[in-house]
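Data from data_6.cif: mmCIF, C-alpha atoms
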data_model
#
loop_
_atom_site.label_atom_id
_atom_site.label_comp_id
_atom_site.auth_asym_id
_atom_site.auth_seq_id
_atom_site.Cartn_x
_atom_site.Cartn_y
_atom_site.Cartn_z
CA MET A 216 70.57 200.90 68.57
CA SER A 217 73.17 198.14 68.51
CA SER A 218 70.80 195.87 66.57
CA ALA A 219 70.23 198.62 64.00
CA LEU A 220 73.96 199.17 63.62
CA SER A 221 74.54 195.44 63.22
CA LEU A 222 71.82 195.25 60.54
CA ALA A 223 73.30 198.25 58.75
CA GLY A 224 76.74 196.66 58.83
CA LEU A 225 75.36 193.41 57.44
CA CYS A 226 73.56 195.27 54.64
CA LEU A 227 76.75 197.11 53.71
CA ALA A 228 78.65 193.83 53.62
CA VAL A 229 76.02 192.26 51.35
CA VAL A 230 76.08 195.29 49.04
CA ALA A 231 79.88 195.11 48.87
CA VAL A 232 79.81 191.43 47.95
CA VAL A 233 77.13 191.98 45.28
CA PHE A 234 79.12 194.87 43.84
CA LEU A 235 82.22 192.68 43.72
CA PHE A 236 80.38 189.98 41.81
CA LEU A 237 78.92 192.48 39.34
CA ALA A 238 82.26 194.23 38.85
CA ARG A 239 84.21 191.18 37.69
CA GLY A 240 86.13 191.71 34.47
CA ALA A 241 86.22 190.09 31.04
CA SER A 242 84.94 186.52 30.67
CA ASP A 243 87.78 185.50 28.33
CA TRP A 244 91.30 185.64 29.75
CA ARG A 245 92.73 186.04 26.25
CA THR A 246 91.03 189.40 25.80
CA ALA A 247 91.22 190.63 29.40
CA SER A 248 93.19 193.85 29.87
CA ARG A 249 96.87 193.67 30.84
CA GLU A 250 97.37 197.44 30.74
CA PRO A 251 99.59 199.06 33.42
CA VAL A 252 97.86 201.28 35.97
CA GLY A 253 100.68 203.73 36.77
CA LEU A 254 101.87 202.41 40.14
CA ALA A 255 105.41 201.58 38.99
CA PRO A 256 107.88 204.31 37.95
CA ALA A 257 109.29 203.97 34.45
CA ALA A 258 112.44 201.88 34.88
CA ALA A 259 114.52 203.85 32.40
CA ALA A 260 113.60 207.16 34.05
CA HIS A 261 114.32 206.02 37.60
CA PRO A 262 117.99 205.07 38.12
CA GLY A 263 117.62 203.92 41.73
CA ALA A 264 116.69 200.46 43.00
CA ILE A 265 112.98 199.68 43.49
CA VAL A 266 111.15 196.83 45.22
CA GLN A 267 107.36 196.55 45.00
CA VAL A 268 104.81 193.95 46.11
CA TYR A 269 101.42 193.75 44.40
CA SER A 270 98.09 191.97 44.71
CA ALA A 271 95.16 191.78 42.30
CA ARG A 272 91.94 189.83 42.19
CA ALA A 273 92.42 186.46 40.53
CA TRP A 274 90.90 185.89 37.10
CA GLY A 275 87.35 184.58 36.72
CA TRP A 276 85.29 183.15 39.57
CA ARG A 277 88.40 182.71 41.71
CA GLY A 278 88.57 186.47 42.00
CA TYR A 279 85.35 186.49 43.99
CA PHE A 280 87.28 184.89 46.83
CA GLY A 281 90.96 185.63 46.46
CA VAL A 282 93.88 187.52 45.01
CA HIS A 283 97.08 186.74 43.15
CA THR A 284 100.25 188.35 44.53
CA TRP A 285 103.68 188.99 43.05
CA ILE A 286 106.95 190.82 43.68
CA ALA A 287 108.68 193.21 41.28
CA VAL A 288 112.26 194.48 41.54
CA LYS A 289 114.52 196.83 39.61
CA PRO A 290 118.18 197.00 40.64
CA ALA A 291 119.94 200.35 40.50
CA GLY A 292 120.79 201.22 36.91
CA ALA A 293 118.53 198.55 35.40
CA THR A 294 116.22 199.54 32.55
CA ALA A 295 113.58 196.86 33.18
CA TYR A 296 111.78 195.21 36.07
CA THR A 297 112.02 191.55 37.05
CA THR A 298 108.94 189.93 38.57
CA TYR A 299 108.77 186.91 40.85
CA GLU A 300 105.51 184.97 41.08
CA VAL A 301 103.99 181.51 41.11
CA ILE A 302 101.52 180.74 38.32
CA GLY A 303 99.63 177.46 38.60
CA TRP A 304 98.99 176.84 34.93
CA ARG A 305 102.73 176.78 34.19
CA LEU A 306 102.72 173.24 35.57
CA ARG A 307 100.79 172.11 32.48
CA THR A 308 103.93 172.61 30.37
CA SER A 309 106.73 172.87 32.93
CA ASP A 310 107.92 171.20 36.11
CA SER A 311 107.92 174.52 37.98
CA ALA A 312 105.17 177.04 38.70
CA LEU A 313 107.78 179.66 39.66
CA ALA A 314 108.13 182.43 37.08
CA ILE A 315 111.11 184.81 37.22
CA ARG A 316 110.86 187.07 34.20
CA SER A 317 110.90 190.58 32.85
CA ARG A 318 107.42 192.10 32.60
CA VAL A 319 105.56 195.31 33.36
CA PRO A 320 105.14 195.14 37.17
CA ASP A 321 101.87 197.07 37.55
CA GLU A 322 99.88 195.67 34.66
CA ARG A 323 96.35 194.46 35.28
CA TRP A 324 96.08 190.81 36.21
CA PHE A 325 93.72 189.70 33.45
CA GLY A 326 91.44 192.67 33.93
CA SER A 327 91.90 193.24 37.67
CA ALA A 328 93.71 196.40 38.76
CA PRO A 329 96.64 195.69 41.11
CA GLU A 330 97.06 197.17 44.58
CA LEU A 331 100.48 198.18 45.87
CA LEU A 332 101.28 196.40 49.15
CA ALA A 333 104.90 197.49 49.64
CA ASP A 334 107.27 199.97 48.00
CA LYS A 335 110.95 200.22 48.95
CA ARG A 336 113.39 202.46 47.10
CA GLY A 337 116.83 204.01 47.32
CA PRO A 338 119.75 203.01 49.57
CA GLY A 339 119.41 199.48 50.84
CA ALA A 340 116.93 198.36 48.19
CA ASP A 341 119.62 196.58 46.14
CA ALA A 342 120.50 194.44 49.18
CA LEU A 343 116.82 193.55 49.55
CA ILE A 344 116.68 192.55 45.89
CA ALA A 345 119.57 190.09 46.33
CA ARG A 346 117.81 188.49 49.30
CA ILE A 347 114.48 188.36 47.44
CA ASP A 348 116.13 186.56 44.54
CA ARG A 349 117.80 184.06 46.86
CA ALA A 350 114.59 183.37 48.80
CA ALA A 351 112.57 182.98 45.59
CA ARG A 352 114.98 180.38 44.23
CA GLU A 353 114.79 178.49 47.54
CA TYR A 354 110.96 178.31 47.50
CA PRO A 355 110.19 174.73 48.58
CA TYR A 356 107.05 174.09 46.47
CA PRO A 357 107.87 175.05 42.86
CA GLY A 358 106.42 171.80 41.53
CA GLU A 359 103.16 172.04 43.49
CA TYR A 360 100.10 174.26 43.18
CA SER A 361 96.76 174.17 44.95
CA MET A 362 94.34 177.09 44.83
CA TRP A 363 93.09 176.09 48.29
CA PRO A 364 94.54 175.90 50.89
CA GLY A 365 97.96 176.15 49.20
CA PRO A 366 100.70 176.14 48.18
CA ASN A 367 99.97 178.81 45.58
CA SER A 368 101.07 182.30 44.53
CA ASN A 369 100.30 183.74 47.95
CA THR A 370 102.24 180.97 49.68
CA PHE A 371 105.22 182.01 47.56
CA THR A 372 104.92 185.73 48.32
CA ALA A 373 104.58 184.95 52.04
CA TRP A 374 107.68 182.73 51.85
CA VAL A 375 109.76 185.54 50.37
CA ALA A 376 108.28 188.18 52.70
CA ARG A 377 109.23 186.06 55.73
CA ALA A 378 112.81 185.94 54.46
CA VAL A 379 112.89 189.71 53.90
CA PRO A 380 110.96 191.21 56.83
CA GLU A 381 112.15 194.71 55.92
CA LEU A 382 109.42 194.69 53.25
CA GLU A 383 106.79 194.79 56.04
CA VAL A 384 104.21 193.24 53.75
CA ASP A 385 100.71 192.93 55.16
CA LEU A 386 99.15 190.45 52.74
CA PRO A 387 95.39 190.99 52.40
CA PRO A 388 92.93 188.58 54.02
CA THR A 389 91.91 187.54 50.51
CA ALA A 390 95.43 186.16 49.87
CA ILE A 391 94.30 182.56 50.38
CA GLY A 392 97.35 180.34 50.77
CA LYS A 393 99.49 182.87 52.63
CA ASP A 394 99.05 180.84 55.83
CA TYR A 395 100.13 177.53 54.29
CA LEU A 396 103.24 176.24 56.11
CA GLY A 397 103.42 172.71 54.74
CA ASP A 398 104.45 170.28 57.48
CA ARG A 399 105.44 173.09 59.86
CA LEU A 400 103.04 174.16 62.57
CA VAL A 401 104.72 177.35 63.82
CA ALA A 402 106.53 180.12 61.93
CA THR A 403 106.88 183.87 61.88
CA ALA A 404 103.90 185.69 60.36
CA PRO A 405 103.99 186.20 56.57
CA SER A 406 105.42 189.68 57.20
CA GLY A 407 108.44 188.06 58.89
CA SER A 408 107.48 189.45 62.31
CA GLY A 409 105.40 188.12 65.17
CA VAL A 410 104.18 184.53 65.20
CA GLN A 411 101.89 182.28 63.21
CA VAL A 412 100.40 178.91 64.07
CA SER A 413 98.81 177.12 61.12
CA LEU A 414 97.62 173.59 60.39
CA TYR A 415 98.18 173.18 56.63
CA GLY A 416 96.66 176.61 56.01
CA LEU A 417 93.25 175.39 57.19
CA LEU A 418 93.18 176.47 60.81
CA GLY A 419 95.35 178.82 62.80
CA PHE A 420 96.08 182.32 64.01
CA THR A 421 98.58 185.12 63.41
CA ALA A 422 99.73 187.91 65.71
CA SER A 423 102.25 190.57 64.71
CA GLY A 424 102.83 194.30 64.65
CA VAL A 425 102.35 194.29 60.87
CA GLU A 426 99.33 192.01 60.36
CA GLY A 427 97.69 192.71 63.68
CA LEU A 428 95.52 189.80 64.84
CA GLU A 429 94.15 187.22 62.39
CA VAL A 430 92.26 183.95 62.69
CA ASN A 431 92.26 181.46 59.82
CA VAL A 432 89.28 179.10 59.50
CA LEU A 433 89.31 176.74 56.50
CA GLY A 434 91.66 179.10 54.70
CA LEU A 435 89.45 182.16 55.28
CA THR A 436 90.96 185.04 57.24
CA PHE A 437 89.13 187.11 59.86
CA GLY A 438 91.03 189.73 61.79
CA ALA A 439 91.87 193.28 62.74
CA GLY A 440 94.79 195.44 61.73
CA LEU A 441 96.21 197.54 64.54
CA PHE A 442 98.45 200.16 62.91
CA PRO A 443 96.39 201.62 61.28
CA PRO A 444 93.11 200.13 62.55
CA ALA A 445 91.28 198.02 59.97
CA LEU A 446 88.83 195.14 59.74
CA LYS A 447 89.90 192.07 57.75
CA LEU A 448 87.27 189.82 56.20
CA PRO A 449 87.09 186.99 53.65
CA ILE A 450 85.87 187.90 50.15
CA ILE A 451 85.55 191.62 50.98
CA GLY A 452 89.16 192.11 52.06
CA ARG A 453 90.49 194.93 54.20
CA ILE A 454 88.11 197.62 55.43
CA GLY A 455 90.12 200.63 56.53
CA PRO A 456 93.37 202.37 55.61
CA VAL A 457 96.06 200.34 53.84
CA ARG A 458 99.21 199.97 55.88
#

Encoded form using structure tokens:
Amino acid sequence: MSSALSLAGLCLAVVAVVFLFLARGASDWRTASREPVGLAPAAAAHPGAIVQVYSARAWGWRGYFGVHTWIAVKPAGATAYTTYEVIGWRLRTSDSALAIRSRVPDERWFGSAPELLADKRGPGADALIARIDRAAREYPYPGEYSMWPGPNSNTFTAWVARAVPELEVDLPPTAIGKDYLGDRLVATAPSGSGVQVSLYGLLGFTASGVEGLEVNVLGLTFGAGLFPPALKLPIIGRIGPVR
């Protein structure tokens, strides 16, 4: 019985990976959809402060393995969102990969629909926004970008999330680079809680009440979420309810 269940689980995993490969979006980034998907309230119609964290599959073949993450904020009374993200190709024309700009927060990332990882609103959100802005501007690797093992867009989001643990962000296992700590060996987990040990994002482990238990091998995350229960795998992502 156990062998049959194991075989069935393996078959399901293979089917999921094949589906992911077949479901990749447009082959030309210039024509890939950037349409919003309806996860962000209209800024002008929502007077209160909003903080949201998103992830979406990266464009092209990179999306088979990993996601791009970003943070969007709207202070109380503002009529537009500001997004914070690291974009590698900015280094071709600029000395910084960090982009702080006004854009639609829930638009597709070159064809890939975003997933909402955190959503904070109302009283207290404005204070979080001020701390997010400060942490973003203190990001230590704005002039560096490496898809693997980091620093990259997920390294940036993890940096900010550590500084603002109230976000309680559980970055997906496909957020390659989230475990990159530079020359540090020990830090809090990307969520800002618990503990993480990581050797340049290539080997390590994470334990926290937000992420659960994770093991990082060559930048690939294997683990289990605890609240709620979920399985975390490379390429496939999280299997189970989103926190």

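Atom CA of Ser311 of chain A is found 22.5 Å from atom CA of Arg272 of chain A.
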
Which residues come within 10 Å of Val401 of chain A, counting only C-alpha atoms, excluding same-chain residues fewer than 3 positions away, as a list in words? Leu396, Asp398, Ala404, Val410, Gln411, Val412, Ser413, Leu414, Gly419, Phe420 and Thr421 of chain A

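Taking atom CA of Pro290 of chain A and atom CA of Asp341 of chain A as the two end points, the separation is 5.7 Å.
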
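Atom CA of Thr297 of chain A is positioned 4.5 Å from atom CA of Ser317 of chain A.
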
Selection result for the PyMOL selection byres ((chain A and resi 264) around 9) on this file, as a list in words: His261, Pro262, Gly263, Ile265, Val266, Val288, Lys289, Pro290, Ala291, Gly292, Ala293, Lys335, Arg336, Gly337, Pro338, Gly339, Ala340, Asp341 and Ile344 of chain A

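Each of A:Ser327, A:Asn369, A:Thr294, A:Ser408 was compared to Gly434 of chain A using only C-alpha atoms, and A:Asn369 turns out to be the nearest.
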
Reference answer for the PyMOL selection byres ((chain A and resi 356-367) around 7), as a PyMOL selection string: chain A and resi 301+303+310-313+354-355+368-371+391-392+395+416-417+434

Residues selected by the PyMOL selection byres ((chain A and resi 375) around 8), written as a ChimeraX atom specification: /A:347,350-351,354,371-374,376-379

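Shortest atom-to-atom contact with Arg323 of chain A among A:Thr436, A:Pro388, A:Ala271, A:Gly424: A:Ala271, counting all atoms listed in the file.
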
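Ranking A:Leu418, A:Leu441, A:Gly278, A:Leu386 by their shortest atom-to-atom distance to Gly455 of chain A, with all atoms listed in the file included, puts A:Leu441 first.
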
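Counting all atoms listed in the file and comparing A:Pro387, A:Pro251, A:Pro380, A:Pro256, the residue that lies closest to Pro329 of chain A is A:Pro251.
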
Could you name the residues that touch Glu250 of chain A at 12 Å or less, counting all atoms listed in the file, but leaving out those on the same chain fewer than 5 positions away, as a count of residues only? 12

List as a PyMOL selection string the residues having at least one atom at most 6 Å from position (102.6, 189.0, 45.4) as given in the file, counting only C-alpha atoms. chain A and resi 268-270+284-286+372

Residues within 9 Å of Asp243 of chain A, please, as a PyMOL selection string. Count only C-alpha atoms; anything in the same chain fewer than 3 positions from it doesn't count. chain A and resi 240+246-247+275+325

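Each of A:Asp348, A:Gly452, A:Val457, A:Ala402 was compared to Asp385 of chain A using only C-alpha atoms, and A:Val457 turns out to be the nearest.
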
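Proximity to Ala273 of chain A was assessed for A:Ala439, A:Val432, A:Ala333, A:Ile302 counting only C-alpha atoms; the smallest distance is recorded for A:Ile302.
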